[in-house]
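Each remark here refers to the structure printed beneath this line.
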Amino acid sequence: MQNAIPTAAATPEGAHPFPHRHLTGIYGLQPWEITFLLDEAEQWVDLNRQSTKHDDRLAGLTQMNAFFEASTRTLLSFEVAGKRLGADVVNMNAAQSSVKKGETLIDTAVTLNAMRADVIVIRHQASGAVQLIADKVDCPVLNAGDGWHEHPTQGLLDALTIRRRRGSFEKLRIAICGDILHSRVARSNILALTALGAEVNVIAPPTLMPPAIERLGVTPFTDFDAGLAGADVVMMLRLQNERMRGGFIPSPREYFALYGLTRERLERAAPNALVMHPGPMNRGIEIASDIADDLERSAITEQVEMGVAVRMACLDVLTRKQRGVEGWA
């Protein structure tokens with residue numbers, strides 16, 4: 001991990017609110033651009049809570065969800081988001097695609113491009129794969145998670161959840177705990193939350209802490225209790241076992257004893273600290289069930305709800321130019 005993004009207070013006069021063609025990461029976004037996407041998502045939170053959850057502004061557009069890596073909630077969330085905006089949504093299952101026959105990623109990108117997709121959502125196990133595809137196609141590309149790199153819509157939905165619960169990021173202390181090393185969620189959250197003004201502690205065993213992570217503007221801790229002290233938000237991460245090669249933790253039981261979130265340990269955080277987890281959760285390893293299911297402290301299901309709204313906002317904003325929306329030519 002490297003290179004913190006710059007901070008600024010507001011959109012400069014005359015600047016476009018979101019001038020990017022793609023959303024491949026939080027890195028490179030200005031704070032006002034992140035805030036713009038969060039503000040845009042608010043309208044979709046309201047729509048999604050109504051009995052009629054439909055808006056046809058993407059009618060006639062084709063949204064391709066090309067997931068080269070297994071996913072349940074992210075794929076469903078993008079599919080729901082696209083359909084609620086009226087897009088024709090097509091899901092590509094890599095397990096049943098020509099990738100299994102040896103087709104290169106670039107050839108896959110060229111194929112998707114030839115089918116005239118209007119927006120492509122990519123999830124891939126390799127860091128940088130999304131940018132590679134974005135460089136080869138004619139339409140906007142959304143990163144739904146690539147390797148250890150980034151998961152920008154997860155970072156945005158987590159930020160939206162926190163903003164709606166706490167109102168502001170200023171003077172907010174957020175503790176992110178778990179497998180920081182392999183987590184694209186951690187990277188996107190660190191970039192978004194520090195840019196928006198929050199103080200971020202990252203907590204992990206030495207084996208799961210990236211070197212030189214302080215460069216991202218965070219404070220690293222290997223002692224969970226010390227890193228948790230006074231935290232207003234406690235964000236737990238999943239152990240990325242599929243990305244591990246070798247023994248990063250002695251055992252799940254010992255990991256839970258040292259880094260699992262329990263009610264007793266949560267008392268070290270600020271009173272009424274908010275608990276978050278991007279899912280899927282490993283109960284009894286990363287987080288105790290009584291904390292995960294505590295509706296007064298846990299925002300985990302709310303994160304899922306905010307995911308649909310954020311993805312609707314991103315799909316809407318990135319396709320405005322091709323839809324000829326005034327001011328987006």
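Within each chain, counting starts at residue 1; across the structure tokens, chains are named A, B, ... in the order shown, with ligands numbered 1 upward in that order.
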
Query raised in the report: Where does DSSP see strand (DSSP E or B) in region 17-217 of chain A, if you list the residues as a PyMOL selection string?
Result: chain A and resi 23+62-67+88-93+119-124+141-146+150+173-177+199-203

Limited to C-alpha atoms, could you put the picked residues into a file as a PDB file, in the first residue's frame?
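Result written to part.pdb:
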```pdb
ATOM      1  CA  LEU A  23     -14.346   3.998 -11.269  1.00  0.00           C
ATOM      2  CA  THR A  62     -26.705  -2.838 -21.370  1.00  0.00           C
ATOM      3  CA  GLN A  63     -24.863  -3.462 -18.105  1.00  0.00           C
ATOM      4  CA  MET A  64     -22.499  -6.443 -18.162  1.00  0.00           C
ATOM      5  CA  ASN A  65     -21.394  -7.883 -14.825  1.00  0.00           C
ATOM      6  CA  ALA A  66     -18.225  -9.858 -15.602  1.00  0.00           C
ATOM      7  CA  PHE A  67     -17.261 -11.641 -12.393  1.00  0.00           C
ATOM      8  CA  ASP A  88     -30.573  -4.652 -19.365  1.00  0.00           C
ATOM      9  CA  VAL A  89     -28.328  -6.552 -16.956  1.00  0.00           C
ATOM     10  CA  VAL A  90     -26.233  -9.490 -18.159  1.00  0.00           C
ATOM     11  CA  ASN A  91     -24.164 -11.579 -15.730  1.00  0.00           C
ATOM     12  CA  MET A  92     -21.084 -13.373 -17.062  1.00  0.00           C
ATOM     13  CA  ASN A  93     -20.006 -16.357 -14.996  1.00  0.00           C
ATOM     14  CA  VAL A 119     -21.188  -0.142 -18.762  1.00  0.00           C
ATOM     15  CA  ILE A 120     -19.100  -3.075 -17.526  1.00  0.00           C
ATOM     16  CA  VAL A 121     -18.717  -4.174 -13.914  1.00  0.00           C
ATOM     17  CA  ILE A 122     -15.603  -6.271 -13.326  1.00  0.00           C
ATOM     18  CA  ARG A 123     -14.518  -8.441 -10.403  1.00  0.00           C
ATOM     19  CA  HIS A 124     -11.194 -10.221 -10.800  1.00  0.00           C
ATOM     20  CA  VAL A 141     -15.899   0.323 -16.227  1.00  0.00           C
ATOM     21  CA  LEU A 142     -16.689  -0.186 -12.540  1.00  0.00           C
ATOM     22  CA  ASN A 143     -14.338  -2.084 -10.262  1.00  0.00           C
ATOM     23  CA  ALA A 144     -16.208  -4.649  -8.162  1.00  0.00           C
ATOM     24  CA  GLY A 145     -12.962  -5.780  -6.503  1.00  0.00           C
ATOM     25  CA  ASP A 146      -9.580  -6.668  -8.006  1.00  0.00           C
ATOM     26  CA  GLU A 150      -9.265  -1.914  -4.349  1.00  0.00           C
ATOM     27  CA  ARG A 173     -11.816   7.732  15.138  1.00  0.00           C
ATOM     28  CA  ILE A 174     -12.263   4.576  13.095  1.00  0.00           C
ATOM     29  CA  ALA A 175     -10.547   1.264  13.887  1.00  0.00           C
ATOM     30  CA  ILE A 176     -10.146  -1.198  11.010  1.00  0.00           C
ATOM     31  CA  CYS A 177      -9.155  -4.626  12.288  1.00  0.00           C
ATOM     32  CA  GLU A 199      -8.639   9.395  12.032  1.00  0.00           C
ATOM     33  CA  VAL A 200      -7.986   5.756  11.151  1.00  0.00           C
ATOM     34  CA  ASN A 201      -6.279   3.065  13.229  1.00  0.00           C
ATOM     35  CA  VAL A 202      -5.461  -0.224  11.519  1.00  0.00           C
ATOM     36  CA  ILE A 203      -5.063  -3.320  13.686  1.00  0.00           C
TER      37      ILE A 203
END
```

Requested in this report: Quick one: everything within 6 Å of region 311-314 of chain A, counting only C-alpha atoms, minus sequence neighbours fewer than 5 positions away in the same chain. Send it as a ChimeraX atom specification.
Outcome: /A:40-41,81

Would you mind exporting N, CA, C and O atoms of the selected residues as an mmCIF file, in the first residue's frame?
```
data_model
loop_
_atom_site.group_PDB
_atom_site.id
_atom_site.type_symbol
_atom_site.label_atom_id
_atom_site.label_comp_id
_atom_site.auth_asym_id
_atom_site.auth_seq_id
_atom_site.Cartn_x
_atom_site.Cartn_y
_atom_site.Cartn_z
ATOM 1 N N GLU A 40 -25.051 11.662 -4.103
ATOM 2 C CA GLU A 40 -25.877 11.078 -5.164
ATOM 3 C C GLU A 40 -26.578 9.802 -4.669
ATOM 4 O O GLU A 40 -27.711 9.509 -5.052
ATOM 5 N N ALA A 41 -25.889 9.051 -3.821
ATOM 6 C CA ALA A 41 -26.467 7.784 -3.338
ATOM 7 C C ALA A 41 -27.669 8.015 -2.425
ATOM 8 O O ALA A 41 -28.534 7.136 -2.318
ATOM 9 N N ALA A 81 -29.051 -3.118 -8.480
ATOM 10 C CA ALA A 81 -28.872 -1.690 -8.781
ATOM 11 C C ALA A 81 -29.177 -1.403 -10.250
ATOM 12 O O ALA A 81 -29.903 -0.458 -10.588
#
```

Query - Long-range neighbours of Gly86 (chain A) as a count of residues only, 10 Å cut-off, only C-alpha atoms, 3 positions minimum in chain - result: 15

Query - Point-to-point distance from CA of Gly279 (chain A) to CA of Pro31 (chain A), Å rounded to tenths - result: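 CA of Pro31 (chain A) lies at a distance of 25.8 Å from CA of Gly279 (chain A).
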
Determine, using only C-alpha atoms, which residues of region 79-175 of chain A have any atom at most 6 Å from an atom of region 191-198 of chain A, and tabulate each with its shortest atom pair and distance in Å to one decimal place, rows ordered by chain and then rising number, as a tab-separated table.
```
residue	atom	partner	partner_atom	distance
A:Phe169	CA	A:Ala198	CA	5.0
A:Glu170	CA	A:Gly197	CA	5.2
A:Leu172	CA	A:Ala198	CA	5.1
```

Expected file: the selected residues, N, CA, C and O atoms, as a compact mmCIF listing (two decimals), in the first residue's frame:
```
# COMPACT_ATOMS: atom_id res chain seq x y z
N PHE A 169 -17.38 13.08 9.31
CA PHE A 169 -16.16 12.29 9.53
C PHE A 169 -15.15 13.04 10.39
O PHE A 169 -14.17 12.47 10.84
N GLU A 170 -15.38 14.32 10.58
CA GLU A 170 -14.45 15.13 11.35
C GLU A 170 -14.42 14.65 12.80
O GLU A 170 -15.47 14.41 13.40
N LEU A 172 -13.71 11.92 13.96
CA LEU A 172 -14.17 10.55 14.12
C LEU A 172 -12.97 9.61 14.12
O LEU A 172 -12.11 9.71 13.24
```

Can you pull out every residue within 8 Å of region 43-48 of chain A, counting only C-alpha atoms, but drop anything in the same chain fewer than 4 positions away, and send it as a JSON list (two decimals) with C-alpha atoms, in the first residue's frame?
```json
[["chain", "number", "residue", "atom", "x", "y", "z"],
["A", 39, "ASP", "CA", -24.65, 12.67, -1.94],
["A", 52, "THR", "CA", -41.99, 1.06, -5.97],
["A", 53, "LYS", "CA", -38.22, 0.76, -6.32],
["A", 54, "HIS", "CA", -37.79, 1.60, -9.96],
["A", 305, "GLU", "CA", -28.57, -1.75, 1.99],
["A", 306, "MET", "CA", -26.21, 1.17, 1.31],
["A", 309, "ALA", "CA", -27.75, 2.78, -3.31],
["A", 310, "VAL", "CA", -24.06, 3.47, -3.89],
["A", 312, "MET", "CA", -27.04, 2.84, -8.38],
["A", 313, "ALA", "CA", -25.32, 6.21, -7.92]]
```

Write out as a CSV table (one decimal) with C-alpha atoms, in the first residue's frame which residues come within 6 Å of Pro152 (chain A) when counting only C-alpha atoms, dropping same-chain ones fewer than 5 positions away.
```
chain,number,residue,atom,x,y,z
A,25,GLY,CA,-10.5,2.8,-7.3
A,26,ILE,CA,-10.8,5.5,-4.6
A,188,SER,CA,-10.4,1.5,-0.3
```

**Report entry** One-decimal distance in Å that lies between CA of Asp316 (chain A) and CA of Leu85 (chain A)
**Finding:** 7.9 Å

Report task. Step one, run DSSP on the backbone; step two, keep only residues of region 83-237 of chain A assigned to alpha helix (DSSP H); then write them as JSON, numbers by chain. Result -> {"A": [83, 84, 105, 106, 107, 108, 109, 110, 111, 112, 113, 114, 129, 130, 131, 132, 133, 134, 152, 153, 154, 155, 156, 157, 158, 159, 160, 161, 162, 163, 164, 165, 166, 184, 185, 186, 187, 188, 189, 190, 191, 192, 193, 194, 195, 224, 225, 226, 227, 228]}

Requested in this report: Determine the nearest neighbour of Lys171 (chain A) from the options A:Ala159, A:Met209, A:Ala231, A:Ala129, counting only C-alpha atoms.
Outcome: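 So, comparing all the options, the nearest one is A:Ala231.
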